[in-house]
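As structure tokens, the structure follows; a few thoughts come after it.
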Amino acid sequence: VGDLLQTMAVAMQQAAEEAQGQVDGVDADRAARHAALAAAQDALPTLQAAVAARQDIEAAAKATLSEANGKAAVATEAESSGKFSYDEAAAQVAELLAALEALAALKGASADSSKEGKAQHKQLAHVSHKYALDKTLVEAVLKVLRKEPDVRQSFDVVSLGIFEESLSKLLKDFEERLQLHEAPQAEKAAAAR
């Protein structure tokens, strides 16, 4: 009976130690989980900011791609329908170059100071309307160009800069279209010889 009681006491002691080990393990696991959760929560704002930045980059890339696809579709449609005229595009490039020259001249003098200035002012208004530039910007720029250069404010100068960038961008777009078609034009001319 004594041996049986001692065997039972040893078995119960082992069972109690195993149970205590499991409880201690659960407590240790819980502490580790809490520490991991706290670390994850600390890292969450940084990760969210990185995701937001990535989404902004992706949105900008999609917008650029969409714009490029739109331009390509318009160019392809124009080419396939025969609407693209190399000579017309060359004339548009020349018109935009002349508008940029007029703008450069009017930066140094008032549009109201001479007949030539008034003609350049009218030319810029025509080009702006023809190429559907931002109306508010165009109105501001046309008013600025009527002022003498020495009375123009910093806002006036910024408006002129933005307007010039818009014209330059249009010019660049037309020049790129011309470059795309110069090689086939040259091949056709060589074949005709």
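Scheme for the structure tokens: letters A, B, ... for chains in order shown; per-chain residue numbers from 1; ligand numbers from 1 in order shown.
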
Please, which residues of range 22-179 of chain A, numbered as in this document, come out alpha helix (DSSP H) from DSSP, as JSON, numbers by chain?
-> {"A": [22, 23, 24, 25, 26, 27, 28, 29, 30, 31, 32, 33, 34, 35, 36, 37, 38, 39, 40, 41, 42, 43, 44, 45, 46, 47, 48, 49, 50, 51, 52, 53, 54, 55, 56, 57, 58, 59, 60, 61, 62, 63, 64, 65, 66, 67, 68, 69, 70, 71, 72, 73, 74, 75, 76, 77, 78, 79, 80, 86, 87, 88, 89, 90, 91, 92, 93, 94, 95, 96, 97, 98, 99, 100, 101, 102, 103, 104, 105, 106, 107, 115, 116, 117, 118, 119, 120, 121, 122, 123, 124, 125, 126, 127, 128, 129, 130, 135, 136, 137, 138, 139, 140, 141, 142, 143, 144, 154, 155, 156, 157, 158, 159, 160, 161, 162, 163, 164, 165, 166, 167, 168, 169, 170, 171, 172, 173, 174, 175, 176, 177, 178, 179]}

Exercise: Phe174 in chain A partners within 7 Å, only C-alpha atoms, chain neighbours under 4 positions left out, as a list of chain:residue names |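 Selected residues are A:Ala89, A:Val93, A:Leu170, A:Leu178.
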
Go ahead and write the selection's residues with N, CA, C and O atoms as a PDB file, in the first residue's frame.
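As written to disk, out23.pdb reads:
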```
ATOM      1  N   ALA A  89       0.985  69.691 -89.426  1.00  0.00           N
ATOM      2  CA  ALA A  89       1.708  69.627 -88.156  1.00  0.00           C
ATOM      3  C   ALA A  89       2.938  70.525 -88.196  1.00  0.00           C
ATOM      4  O   ALA A  89       3.258  71.200 -87.216  1.00  0.00           O
ATOM      5  N   VAL A  93       3.798  73.668 -85.728  1.00  0.00           N
ATOM      6  CA  VAL A  93       5.084  73.862 -85.052  1.00  0.00           C
ATOM      7  C   VAL A  93       5.582  75.280 -85.323  1.00  0.00           C
ATOM      8  O   VAL A  93       6.014  75.990 -84.408  1.00  0.00           O
ATOM      9  N   LEU A 170       3.232  72.197 -75.757  1.00  0.00           N
ATOM     10  CA  LEU A 170       2.513  71.966 -77.015  1.00  0.00           C
ATOM     11  C   LEU A 170       3.496  71.818 -78.165  1.00  0.00           C
ATOM     12  O   LEU A 170       3.360  70.918 -79.000  1.00  0.00           O
ATOM     13  N   LEU A 178       5.957  65.077 -85.385  1.00  0.00           N
ATOM     14  CA  LEU A 178       6.660  65.241 -86.659  1.00  0.00           C
ATOM     15  C   LEU A 178       7.826  64.268 -86.770  1.00  0.00           C
ATOM     16  O   LEU A 178       8.047  63.687 -87.831  1.00  0.00           O
TER      17      LEU A 178
END
```

Between A:Lys169, A:Leu145, A:Ala11, A:His34, which is the closest to Ala104 in chain A once you count only C-alpha atoms?
->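 The answer is A:Leu145, which sits nearest to Ala104 in chain A.
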
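Interatomic distance, CA of Phe155 in chain A against CA of Lys143 in chain A: 12.0 Å.
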
Nearest residue to Tyr131 in chain A from the set A:Ala109, A:Leu103, A:Leu96, A:Ala32 (distances using only C-alpha atoms) = A:Leu96

Near Lys118 in chain A, counting only C-alpha atoms, which residues have an atom at most 12 Å away, once you skip same-chain residues fewer than 4 positions from it, shown as a PyMOL selection string?
-> chain A and resi 102-103+105-106+109-114+122-125+142+145-146

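Computed from the coordinates, the CA of Thr7 in chain A to CA of Ala19 in chain A distance equals 18.1 Å.
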